[in-house]
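Asker: Provided below: query-v6.csv, containing CSV, C-alpha atoms.
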```csv
chain,number,residue,atom,x,y,z
A,1,MET,CA,33.1,147.1,-30.6
A,2,ILE,CA,32.5,147.8,-26.9
A,3,TYR,CA,29.9,149.9,-25.2
A,4,SER,CA,29.1,151.5,-21.9
A,5,ARG,CA,25.9,150.6,-20.1
A,6,ASN,CA,24.0,153.7,-21.4
A,7,ALA,CA,24.5,152.4,-25.0
A,8,PHE,CA,22.2,149.4,-24.4
A,9,ASN,CA,19.7,150.4,-21.7
A,10,THR,CA,16.9,148.8,-23.8
A,11,THR,CA,18.6,145.4,-24.1
A,12,ALA,CA,19.0,144.5,-20.5
A,13,ASP,CA,18.0,140.9,-21.2
A,14,VAL,CA,21.0,140.4,-23.7
A,15,PRO,CA,23.8,138.2,-22.1
A,16,MET,CA,26.9,140.4,-21.8
A,17,VAL,CA,30.5,140.2,-20.7
A,18,CYS,CA,32.4,143.1,-19.1
A,19,VAL,CA,35.7,143.9,-21.1
A,20,GLU,CA,36.8,147.0,-19.2
A,21,HIS,CA,36.9,148.1,-15.6
A,22,LEU,CA,37.8,151.6,-14.2
A,23,GLU,CA,38.9,151.8,-10.6
A,24,GLY,CA,37.4,148.4,-10.0
A,25,ALA,CA,34.0,149.2,-11.5
A,26,PRO,CA,32.6,147.6,-14.7
A,27,LEU,CA,32.7,150.2,-17.5
A,28,SER,CA,32.4,148.6,-21.0
A,29,PHE,CA,30.7,145.5,-22.3
A,30,MET,CA,30.2,143.3,-25.3
A,31,THR,CA,27.4,140.7,-25.8
A,32,THR,CA,28.6,137.3,-24.9
A,33,THR,CA,28.0,136.2,-28.5
A,34,ALA,CA,30.2,139.0,-29.9
A,35,ALA,CA,33.0,138.2,-27.4
A,36,LEU,CA,33.0,134.5,-28.4
A,37,ARG,CA,32.9,135.3,-32.1
A,38,MET,CA,35.6,138.0,-31.9
A,39,GLN,CA,38.0,135.4,-30.4
A,40,SER,CA,37.3,133.1,-33.4
A,41,LEU,CA,38.0,136.1,-35.8
A,42,THR,CA,41.7,136.0,-34.9
A,43,GLU,CA,42.0,132.6,-36.7
A,44,PRO,CA,41.3,133.8,-40.3
A,45,ALA,CA,42.3,137.4,-39.9
A,46,ALA,CA,45.1,139.6,-38.6
A,47,VAL,CA,43.1,141.7,-36.1
A,48,ILE,CA,44.5,145.1,-35.3
A,49,PRO,CA,42.7,147.0,-32.5
A,50,THR,CA,42.7,150.6,-33.5
A,51,THR,CA,41.5,153.3,-31.2
A,52,THR,CA,41.6,157.0,-30.2
A,53,ARG,CA,42.2,155.9,-26.6
A,54,THR,CA,45.5,156.6,-25.0
A,55,ILE,CA,47.9,153.7,-24.3
A,56,LYS,CA,46.8,153.6,-20.7
A,57,GLN,CA,43.1,153.6,-21.6
A,58,PHE,CA,43.6,150.9,-24.2
A,59,THR,CA,45.4,148.6,-21.7
A,60,ARG,CA,42.3,148.7,-19.4
A,61,ILE,CA,40.4,146.7,-22.1
A,62,GLN,CA,40.5,142.9,-22.1
A,63,LEU,CA,39.3,142.2,-25.6
A,64,PRO,CA,38.8,138.5,-26.6
A,65,GLY,CA,41.6,137.3,-28.9
A,66,ALA,CA,44.4,139.1,-27.0
A,67,PRO,CA,47.4,139.4,-26.9
A,68,TRP,CA,47.8,141.4,-30.0
A,69,ARG,CA,50.9,141.4,-32.3
A,70,TYR,CA,50.0,145.0,-33.2
A,71,ALA,CA,47.6,147.5,-31.8
A,72,ILE,CA,47.1,151.2,-32.7
A,73,THR,CA,46.3,153.8,-30.0
A,74,SER,CA,46.2,157.5,-29.6
A,75,ASN,CA,44.3,157.9,-33.0
A,76,GLY,CA,47.3,156.5,-34.8
A,77,GLY,CA,49.9,158.4,-32.8
A,78,ASN,CA,51.2,155.2,-31.2
A,79,ILE,CA,51.7,151.7,-32.6
A,80,LEU,CA,52.1,149.0,-30.0
A,81,VAL,CA,54.2,146.0,-31.0
A,82,ASP,CA,53.6,143.1,-28.6
A,83,GLY,CA,52.3,145.7,-26.2
A,84,VAL,CA,55.3,148.0,-26.4
A,85,PRO,CA,55.2,151.4,-28.0
A,86,ASP,CA,57.2,151.7,-31.2
A,87,LEU,CA,59.5,154.6,-30.6
A,88,SER,CA,60.6,155.1,-34.2
A,89,TRP,CA,56.9,155.5,-35.3
A,90,ARG,CA,56.3,158.0,-32.5
A,91,ILE,CA,59.4,160.0,-33.2
A,92,ASP,CA,58.3,160.3,-36.9
A,93,ILE,CA,54.8,161.3,-35.8
A,94,ASP,CA,56.1,164.0,-33.4
A,95,ALA,CA,58.2,165.4,-36.3
A,96,LYS,CA,55.2,165.5,-38.6
A,97,VAL,CA,53.1,167.3,-35.9
A,98,ARG,CA,55.9,169.9,-35.4
A,99,ALA,CA,56.1,170.5,-39.2
A,100,GLY,CA,52.3,170.8,-39.5
A,101,GLY,CA,51.9,174.0,-37.6
A,102,ALA,CA,50.9,174.8,-34.0
A,103,THR,CA,52.2,172.9,-31.0
A,104,LEU,CA,50.0,171.2,-28.5
A,105,SER,CA,50.9,174.0,-26.0
A,106,GLU,CA,49.8,176.7,-28.4
A,107,VAL,CA,46.5,174.8,-29.2
A,108,THR,CA,45.6,174.2,-25.5
A,109,ARG,CA,46.4,177.8,-24.6
A,110,GLU,CA,44.0,179.1,-27.2
A,111,LEU,CA,41.4,176.4,-26.3
A,112,HIS,CA,41.4,177.5,-22.7
A,113,THR,CA,40.3,181.0,-23.7
A,114,ARG,CA,37.2,179.6,-25.4
A,115,ILE,CA,35.8,177.3,-22.7
A,116,ASP,CA,34.4,177.5,-19.2
A,117,ASP,CA,33.2,175.3,-16.4
A,118,SER,CA,29.5,175.9,-17.3
A,119,TRP,CA,29.7,173.3,-20.1
A,120,VAL,CA,33.2,171.7,-19.8
A,121,THR,CA,33.6,169.1,-17.0
A,122,LYS,CA,37.1,167.8,-17.9
A,123,PHE,CA,40.1,168.9,-20.0
A,124,ARG,CA,42.7,166.2,-20.8
A,125,GLU,CA,45.9,166.0,-22.8
A,126,ALA,CA,46.4,162.6,-24.3
A,127,ASP,CA,49.8,160.9,-24.7
A,128,HIS,CA,51.4,164.4,-25.3
A,129,LEU,CA,49.8,164.3,-28.7
A,130,PHE,CA,46.3,165.8,-28.6
A,131,CYS,CA,43.7,167.1,-26.2
A,132,TYR,CA,40.0,166.6,-25.6
A,133,LEU,CA,37.2,168.1,-23.5
A,134,VAL,CA,34.5,166.2,-21.7
A,135,VAL,CA,31.4,168.3,-22.0
A,136,LYS,CA,27.7,168.6,-21.3
A,137,PRO,CA,26.5,168.2,-24.9
A,138,LYS,CA,23.3,170.2,-24.5
A,139,ALA,CA,25.2,173.1,-22.9
A,140,VAL,CA,27.9,173.5,-25.6
A,141,PRO,CA,27.5,177.0,-27.0
A,142,ASP,CA,26.1,177.1,-30.5
A,143,GLY,CA,28.8,177.4,-33.1
A,144,PHE,CA,31.7,176.5,-30.7
A,145,LEU,CA,32.8,173.3,-32.6
A,146,ALA,CA,32.7,174.9,-36.0
A,147,GLY,CA,34.5,178.0,-34.8
A,148,TRP,CA,37.1,176.0,-33.0
A,149,ASP,CA,37.7,173.8,-36.0
A,150,ASP,CA,38.0,176.9,-38.2
A,151,TRP,CA,40.8,178.2,-35.9
A,152,CYS,CA,42.5,174.8,-35.9
A,153,ARG,CA,42.6,173.9,-39.6
A,154,PRO,CA,45.0,176.6,-40.8
A,155,ARG,CA,47.3,175.6,-38.0
A,156,GLY,CA,47.5,171.9,-38.8
A,157,TRP,CA,44.8,170.7,-36.4
A,158,SER,CA,41.1,169.7,-36.4
A,159,ALA,CA,38.2,169.5,-34.0
A,160,SER,CA,35.4,166.9,-33.8
A,161,GLN,CA,32.9,165.7,-31.3
A,162,GLN,CA,32.2,162.1,-30.2
A,163,GLY,CA,29.3,162.1,-27.7
A,164,ARG,CA,30.5,163.9,-24.6
A,165,LYS,CA,34.0,164.4,-25.9
A,166,ILE,CA,35.4,167.1,-28.2
A,167,TYR,CA,38.7,166.2,-29.6
A,168,THR,CA,41.4,168.6,-30.9
A,169,MET,CA,43.7,166.5,-33.1
A,170,PRO,CA,46.8,167.2,-35.2
A,171,LEU,CA,46.1,166.5,-38.9
A,172,ALA,CA,49.3,164.4,-38.9
A,173,VAL,CA,47.8,162.0,-36.3
A,174,CYS,CA,45.6,159.7,-38.3
A,175,LYS,CA,44.4,156.1,-37.8
A,176,SER,CA,44.6,155.2,-41.5
A,177,ARG,CA,48.3,156.1,-41.8
A,178,ALA,CA,49.1,153.8,-38.8
A,179,VAL,CA,47.0,151.0,-40.3
A,180,ASP,CA,48.9,151.4,-43.6
A,181,GLU,CA,52.2,151.1,-41.7
A,182,VAL,CA,51.1,147.9,-39.8
A,183,ARG,CA,49.8,146.4,-43.1
A,184,LYS,CA,53.2,147.1,-44.7
A,185,ARG,CA,55.0,145.4,-41.8
A,186,LEU,CA,52.7,142.4,-42.0
A,187,TRP,CA,53.3,142.1,-45.7
A,188,GLU,CA,57.1,142.4,-45.4
A,189,SER,CA,57.2,139.7,-42.7
A,190,GLY,CA,55.0,137.3,-44.7
A,191,GLU,CA,52.3,137.3,-42.0
A,192,LEU,CA,49.8,138.8,-44.5
A,193,ALA,CA,49.1,137.7,-48.0
A,194,ASP,CA,49.7,140.3,-50.8
A,195,ASP,CA,46.0,140.1,-51.8
A,196,ALA,CA,44.6,140.4,-48.3
A,197,ARG,CA,41.7,142.8,-48.0
A,198,ALA,CA,41.5,145.6,-45.4
A,199,LEU,CA,38.3,145.6,-43.4
A,200,ALA,CA,37.5,148.4,-40.9
A,201,ALA,CA,34.8,149.5,-38.4
A,202,GLY,CA,34.3,152.7,-36.6
A,203,ASP,CA,31.6,155.2,-35.5
A,204,GLY,CA,33.2,158.6,-35.1
A,205,ALA,CA,34.5,161.4,-37.4
A,206,LEU,CA,38.1,160.4,-36.4
A,207,ASP,CA,37.4,157.0,-38.0
A,208,ALA,CA,36.1,158.3,-41.3
A,209,GLU,CA,39.4,158.3,-43.2
A,210,MET,CA,40.3,154.8,-42.0
A,211,LEU,CA,36.9,153.6,-43.2
A,212,ARG,CA,37.2,155.3,-46.5
A,213,ALA,CA,40.7,153.8,-47.1
A,214,ALA,CA,39.6,150.2,-46.4
A,215,ASP,CA,38.5,147.7,-49.1
A,216,SER,CA,35.3,147.3,-47.1
A,217,ALA,CA,34.0,149.0,-44.0
A,218,ILE,CA,31.1,149.1,-41.6
A,219,ARG,CA,29.8,151.5,-39.1
A,220,PRO,CA,26.9,151.2,-36.5
A,221,ARG,CA,23.6,153.0,-36.9
A,222,HIS,CA,24.5,155.3,-34.1
A,223,GLY,CA,27.3,157.6,-33.1
A,224,GLU,CA,28.8,160.7,-34.7
A,225,LEU,CA,29.0,159.3,-38.2
A,226,GLU,CA,25.3,158.4,-38.0
A,227,GLN,CA,24.5,161.9,-36.9
A,228,LEU,CA,26.5,163.2,-39.9
A,229,ASN,CA,24.7,160.7,-42.2
A,230,TRP,CA,28.2,159.8,-43.4
A,231,THR,CA,28.5,157.2,-46.1
A,232,HIS,CA,30.9,155.9,-48.7
A,233,PRO,CA,30.7,153.4,-51.6
A,234,ASN,CA,32.6,150.7,-49.6
A,235,LEU,CA,30.5,151.2,-46.5
A,236,THR,CA,27.9,149.0,-44.8
A,237,VAL,CA,25.7,150.4,-42.0
A,238,THR,CA,24.3,148.0,-39.4
A,239,ARG,CA,20.6,147.4,-38.9
A,240,ALA,CA,21.0,147.4,-35.1
A,241,THR,CA,22.1,150.1,-32.7
A,242,GLY,CA,24.0,150.1,-29.4
A,243,ILE,CA,25.6,146.9,-28.1
A,244,LEU,CA,23.7,144.7,-30.7
A,245,ALA,CA,25.4,146.7,-33.4
A,246,GLY,CA,28.7,145.6,-32.0
A,247,GLU,CA,27.6,142.0,-32.4
A,248,GLU,CA,26.4,142.6,-36.0
A,249,ILE,CA,29.8,144.2,-36.8
A,250,ILE,CA,31.7,141.1,-35.5
A,251,ASN,CA,29.5,138.9,-37.6
A,252,TRP,CA,30.2,141.1,-40.7
A,253,PHE,CA,33.9,140.8,-40.1
A,254,ILE,CA,33.7,137.0,-39.9
A,255,LYS,CA,31.6,136.8,-43.1
A,256,ALA,CA,33.9,139.2,-44.9
A,257,ALA,CA,37.2,137.6,-43.9
A,258,PRO,CA,37.1,133.9,-45.0
A,259,SER,CA,40.8,133.9,-45.5
A,260,HIS,CA,43.6,136.0,-44.1
A,261,SER,CA,42.7,139.7,-44.1
A,262,ASP,CA,43.5,142.5,-41.8
A,263,THR,CA,40.9,144.4,-39.8
```
Could you take the file, read its structure, and then write that structure out as structure tokens?
Answerer:
Amino acid sequence: MIYSRNAFNTTADVPMVCVEHLEGAPLSFMTTTAALRMQSLTEPAAVIPTTTRTIKQFTRIQLPGAPWRYAITSNGGNILVDGVPDLSWRIDIDAKVRAGGATLSEVTRELHTRIDDSWVTKFREADHLFCYLVVKPKAVPDGFLAGWDDWCRPRGWSASQQGRKIYTMPLAVCKSRAVDEVRKRLWESGELADDARALAAGDGALDAEMLRAADSAIRPRHGELEQLNWTHPNLTVTRATGILAGEEIINWFIKAAPSHSDT
């Protein structure tokens, strides 16, 4: 897992490597130890990077172990195969979103009536699939998130907050479904053993279903799921927080994946 500088302001003496730049400036980091161990993780495991980031945002990251046979972006809305979006998967996702209720245009139109510049700094549509706000967390009106989620749910959408971002996501767009699809393809191609265990890590509400569906899962002792005190029988919680939690998670993966698994 990667973190911006504000995630490890108390660990300045930890050796780090930058894995993402934005407009030429360093943005996201891993500890040097985590980066080296992640590269070794690709030997015993089929590693599938899975993120809510858009395709463009994902391609900014230079994760150790790349290139990836498969990667999942856009919260499961896109599957990349050797870096190229799988159009058949995306067509199917778009059809499921249309069948689920409101369109993205309808959702964003309603959302704009509920927000203002006093607490929202950015509004973004992501890969023509979902939208998110960048907010001033302390200025978000009381009850906004719950009220917005209440409006979204009957229309096939949901709302959740991850730090400074509030996501509005179709219920049909889900990381665990995309992970299941990639696992099926790896099984069918013989790249993954029938008894391979699924391992997963994440820290936000949008990761919860993927963590729940895995054979074993881990989350850091920070982030949205920590704030929600979210747990599950298959779940391990790190001892560390911030960037050191990322290192602990990589070590957990290595220990849990002695033979071919998918993560």
Asker: Which residue gives the smallest distance to A:Ala198 among A:His222, A:Arg185, A:Lys138, A:Arg212, with only C-alpha atoms counted?
Answerer: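 Between A:His222, A:Arg185, A:Lys138, A:Arg212, the residue approaching A:Ala198 most closely is A:Arg212.
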Asker: Would you mind telling me which residue in A:Pro233, A:Pro220, A:Pro26, A:Gly76 lies nearest to A:Ile249 when using all atoms listed in the file?
Answerer: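 Using all atoms listed in the file, the shortest distance to A:Ile249 belongs to A:Pro220.
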Asker: To one decimal place in Å, what is the distance between atom CA of A:Leu129 and atom CA of A:Gly77?
Answerer: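 For atom CA of A:Leu129 relative to atom CA of A:Gly77, the distance reads 7.2 Å.
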Asker: Which value, in Å to one decimal, gives the distance between atom CA of A:Arg197 and atom CA of A:Arg183?
Answerer: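 Taking atom CA of A:Arg197 as the start and atom CA of A:Arg183 as the end point, the length is 10.1 Å.
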Asker: Take atom CA of A:Pro49 and atom CA of A:Leu80 and report the distance between them in Å, one decimal.
Answerer: 9.9 Å
Asker: Within 12 Å of (40.6, 175.6, -32.2) (file coordinates; only C-alpha atoms), which protein or nucleic acid residues are there? I'd like them as JSON, numbers by chain.
Answerer: {"A": [102, 103, 104, 106, 107, 108, 109, 110, 111, 112, 113, 114, 115, 130, 131, 132, 133, 143, 144, 145, 146, 147, 148, 149, 150, 151, 152, 153, 154, 155, 156, 157, 158, 159, 160, 166, 167, 168, 169, 170]}
Asker: Ranking A:Glu181, A:Glu43, A:Asp203, A:Asp127 by minimum distance to A:Gly246 and counting only C-alpha atoms, which one comes first?
Answerer: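 Counting only C-alpha atoms, the residue closest to A:Gly246 is A:Asp203.
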Asker: Do you know which residues lie at most 12 Å from (33.2, 138.3, -27.3), with coordinates as in the file and only C-alpha atoms counted, and could you write them as a PyMOL selection string?
Answerer: chain A and resi 1-2+15-19+29-42+62-66+243-244+246-251
Asker: Taking all atoms listed in the file into account, name the residue in A:His128, A:His21, A:Pro137, A:Glu226 that is nearest to A:Val97.
Answerer: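 Result for the nearest residue to A:Val97: A:His128.
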